[in-house]
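Here's the structure we're looking at; comments come further down.
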Amino acid sequence: MSRSLDFLTEALRRLPGVGPKSAQRMAFHLLQHDREGAAMLSRALYQAVDTVHHCAMCNTFADTEVCDLCADASRDRALLCVVETPADQMMIEQTLTYKGLYFVLMGRLSPLDGIGPRDLHLDKLLGRAADGAVNEVVLATNFTNEGEATAHYISEMLKARGLKVSRLARGVPVGGELEYVDAGTIARAMLDRRSA
């Protein structure tokens, strides 16, 4: 095979969930059936790598120094929601229920992977949360072991500075039937129940 084709295949393998066979199929497809798409993908990747950086306020991806959400004067500056990734931020935005601002960690604590507090920009988060405008920090990390550990660490850090901290609720999914929900989720829903 061509060295350029091998290089393209190896580059495509860097994508999450893409193994050697899938990467090879993608490379063949782009070169055989969609060279225009391949060129567009190349230009888009080059432009994104060249222009996308972290928002100075919330740490998400942005083309400008401050992202559109942080620049939006209609957002509630007293609420700060902490999420692991820009994808998590986008999902919360799609609910149309949260009108505050965000801080994106770009990861979660994971000692096994060598990711500690310094890797999550927690000093920047602390500065943002303690700026005098924030009244409540909502921890919306994932409900994995790493996400829970991250939420606990951040909660302790912020509470030590007198800040109000809440955690995203969890429980039975909307439309879920109890017989199909795992016991851990039902247990957490029972513990976190509220008055009707």
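Chains: A, B, ... in order of the structure tokens. Residues: from 1 per chain. Ligands: from 1, in order shown.
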
Using only C-alpha atoms, which residues of stretch 53-80 of chain A come within 12 Å of stretch 157-169 of chain A, and what is the closest atom pair for each, with the distance in Å to one decimal? Give it as CSV, sorted by chain and residue number.
```
residue,atom,partner,partner_atom,distance
A:Ala78,CA,A:Lys164,CA,10.8
A:Leu79,CA,A:Lys164,CA,10.1
A:Leu80,CA,A:Val165,CA,9.6
```

Could you dump the residues just selected with N, CA, C and O atoms as a compact mmCIF listing (two decimals), in the first residue's frame?
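Final output, saved to out_38.txt:
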```
# COMPACT_ATOMS: atom_id res chain seq x y z
N ALA A 78 -25.37 34.16 38.27
CA ALA A 78 -25.31 33.64 39.63
C ALA A 78 -25.24 32.12 39.66
O ALA A 78 -24.95 31.53 40.70
N LEU A 79 -25.52 31.47 38.52
CA LEU A 79 -25.48 30.00 38.42
C LEU A 79 -24.30 29.57 37.55
O LEU A 79 -24.10 30.10 36.46
N LEU A 80 -23.54 28.61 38.05
CA LEU A 80 -22.41 28.07 37.30
C LEU A 80 -22.51 26.55 37.30
O LEU A 80 -22.50 25.92 38.36
```

TODO: Would you please extract all strand (DSSP E) residues from stretch 13-190 of chain A, as assigned by DSSP on the backbone, and give them as a ChimeraX atom specification?
DONE: /A:53-54,61-62,76-83,100-104,136-139,164-167

I need the residues from that last selection saved to file as an mmCIF file, in the first residue's frame (with N, CA and C atoms), if you can.
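Output (out12.cif):
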```cif
data_model
loop_
_atom_site.group_PDB
_atom_site.id
_atom_site.type_symbol
_atom_site.label_atom_id
_atom_site.label_comp_id
_atom_site.auth_asym_id
_atom_site.auth_seq_id
_atom_site.Cartn_x
_atom_site.Cartn_y
_atom_site.Cartn_z
ATOM 1 N N HIS A 53 -9.910 27.348 20.207
ATOM 2 C CA HIS A 53 -9.140 27.325 21.456
ATOM 3 C C HIS A 53 -10.130 27.277 22.617
ATOM 4 N N HIS A 54 -9.638 27.454 23.827
ATOM 5 C CA HIS A 54 -10.510 27.406 25.009
ATOM 6 C C HIS A 54 -11.023 28.804 25.354
ATOM 7 N N PHE A 61 -14.720 24.977 24.017
ATOM 8 C CA PHE A 61 -14.123 25.335 22.737
ATOM 9 C C PHE A 61 -14.784 26.593 22.197
ATOM 10 N N ALA A 62 -13.969 27.474 21.611
ATOM 11 C CA ALA A 62 -14.488 28.728 21.064
ATOM 12 C C ALA A 62 -13.588 29.217 19.939
ATOM 13 N N ASP A 76 -27.912 33.819 33.380
ATOM 14 C CA ASP A 76 -27.893 34.045 34.824
ATOM 15 C C ASP A 76 -26.477 33.834 35.349
ATOM 16 N N ARG A 77 -25.798 34.913 35.698
ATOM 17 C CA ARG A 77 -24.396 34.855 36.134
ATOM 18 C C ARG A 77 -24.245 34.335 37.559
ATOM 19 N N ALA A 78 -25.367 34.162 38.271
ATOM 20 C CA ALA A 78 -25.315 33.641 39.634
ATOM 21 C C ALA A 78 -25.240 32.122 39.663
ATOM 22 N N LEU A 79 -25.517 31.467 38.520
ATOM 23 C CA LEU A 79 -25.477 30.004 38.416
ATOM 24 C C LEU A 79 -24.296 29.573 37.554
ATOM 25 N N LEU A 80 -23.542 28.610 38.051
ATOM 26 C CA LEU A 80 -22.409 28.074 37.302
ATOM 27 C C LEU A 80 -22.514 26.553 37.301
ATOM 28 N N CYS A 81 -22.642 25.967 36.135
ATOM 29 C CA CYS A 81 -22.779 24.518 35.981
ATOM 30 C C CYS A 81 -21.436 23.945 35.527
ATOM 31 N N VAL A 82 -20.932 22.962 36.272
ATOM 32 C CA VAL A 82 -19.651 22.335 35.962
ATOM 33 C C VAL A 82 -19.916 21.013 35.246
ATOM 34 N N VAL A 83 -19.368 20.868 34.037
ATOM 35 C CA VAL A 83 -19.522 19.651 33.251
ATOM 36 C C VAL A 83 -18.143 19.123 32.858
ATOM 37 N N GLY A 100 -28.042 29.440 33.214
ATOM 38 C CA GLY A 100 -26.837 29.987 33.821
ATOM 39 C C GLY A 100 -25.641 29.841 32.905
ATOM 40 N N LEU A 101 -24.455 29.959 33.500
ATOM 41 C CA LEU A 101 -23.205 29.826 32.769
ATOM 42 C C LEU A 101 -22.568 28.472 33.083
ATOM 43 N N TYR A 102 -21.457 28.167 32.425
ATOM 44 C CA TYR A 102 -20.814 26.866 32.541
ATOM 45 C C TYR A 102 -19.330 26.999 32.878
ATOM 46 N N PHE A 103 -18.792 25.874 33.354
ATOM 47 C CA PHE A 103 -17.351 25.671 33.361
ATOM 48 C C PHE A 103 -17.124 24.244 32.885
ATOM 49 N N VAL A 104 -16.302 24.082 31.846
ATOM 50 C CA VAL A 104 -16.042 22.778 31.245
ATOM 51 C C VAL A 104 -14.658 22.295 31.682
ATOM 52 N N GLU A 136 -24.417 29.859 43.207
ATOM 53 C CA GLU A 136 -24.547 28.406 43.288
ATOM 54 C C GLU A 136 -23.757 27.752 42.172
ATOM 55 N N VAL A 137 -23.065 26.679 42.533
ATOM 56 C CA VAL A 137 -22.353 25.868 41.549
ATOM 57 C C VAL A 137 -23.075 24.527 41.449
ATOM 58 N N VAL A 138 -23.517 24.183 40.248
ATOM 59 C CA VAL A 138 -24.212 22.928 39.993
ATOM 60 C C VAL A 138 -23.209 21.947 39.404
ATOM 61 N N LEU A 139 -22.968 20.839 40.099
ATOM 62 C CA LEU A 139 -22.034 19.831 39.610
ATOM 63 C C LEU A 139 -22.788 18.842 38.723
ATOM 64 N N LYS A 164 -22.134 27.774 47.769
ATOM 65 C CA LYS A 164 -23.244 26.820 47.726
ATOM 66 C C LYS A 164 -23.024 25.881 46.540
ATOM 67 N N VAL A 165 -23.084 24.583 46.815
ATOM 68 C CA VAL A 165 -22.843 23.571 45.782
ATOM 69 C C VAL A 165 -24.021 22.608 45.742
ATOM 70 N N SER A 166 -24.509 22.311 44.537
ATOM 71 C CA SER A 166 -25.557 21.307 44.364
ATOM 72 C C SER A 166 -25.073 20.291 43.336
ATOM 73 N N ARG A 167 -25.735 19.144 43.307
ATOM 74 C CA ARG A 167 -25.366 18.055 42.393
ATOM 75 C C ARG A 167 -26.562 17.756 41.505
#
```

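Here atom CA of A:Asp6 stands at a distance of 8.9 Å from atom CA of A:Ala27.
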
- [ ] Run DSSP on the backbone and grab whatever in stretch 32-110 of chain A lands in alpha helix (DSSP H); send it over as a PyMOL selection string.
- [x] chain A and resi 32-33+35-51+68-71+86-94

- [ ] Kindly give the distance, in Å, that separates atom CA of A:Ile115 and atom CA of A:Tyr153, rounded to a single decimal.
- [x]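 For atom CA of A:Ile115 relative to atom CA of A:Tyr153, the distance reads 13.2 Å.
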
Open item on the list: Could you list, as a PyMOL selection string, every residue within 12 Å of A:Leu112, counting only C-alpha atoms and ignoring same-chain residues fewer than 4 positions away?
Closed with: chain A and resi 108+116+145-146

Just-selected residues, N, CA and C atoms written as a CSV table (one decimal), in the first residue's frame:
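Wrote again.csv, looks like this:
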```csv
chain,number,residue,atom,x,y,z
A,108,ARG,N,-12.1,14.4,33.7
A,108,ARG,CA,-12.5,14.1,35.0
A,108,ARG,C,-11.3,13.5,35.8
A,116,GLY,N,-5.1,14.2,37.3
A,116,GLY,CA,-5.3,14.7,38.6
A,116,GLY,C,-5.9,16.1,38.6
A,145,ASN,N,-17.7,6.3,38.4
A,145,ASN,CA,-16.8,6.4,39.5
A,145,ASN,C,-16.0,7.6,39.5
A,146,GLU,N,-15.4,7.8,38.3
A,146,GLU,CA,-14.5,9.0,38.1
A,146,GLU,C,-15.3,10.3,38.2
```

Task: Between atom CA of A:Thr60 and atom CA of A:Gly114 - distance in Å to one decimal - done: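 The value is 21.6 Å.
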
- [ ] Select, from A:Pro111, A:Cys70, A:Thr150, A:Leu5, the residue with the minimum atom-to-atom distance to A:His29, counting only C-alpha atoms.
- [x]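 Of A:Pro111, A:Cys70, A:Thr150, A:Leu5, the one nearest A:His29, counting only C-alpha atoms, is A:Leu5.
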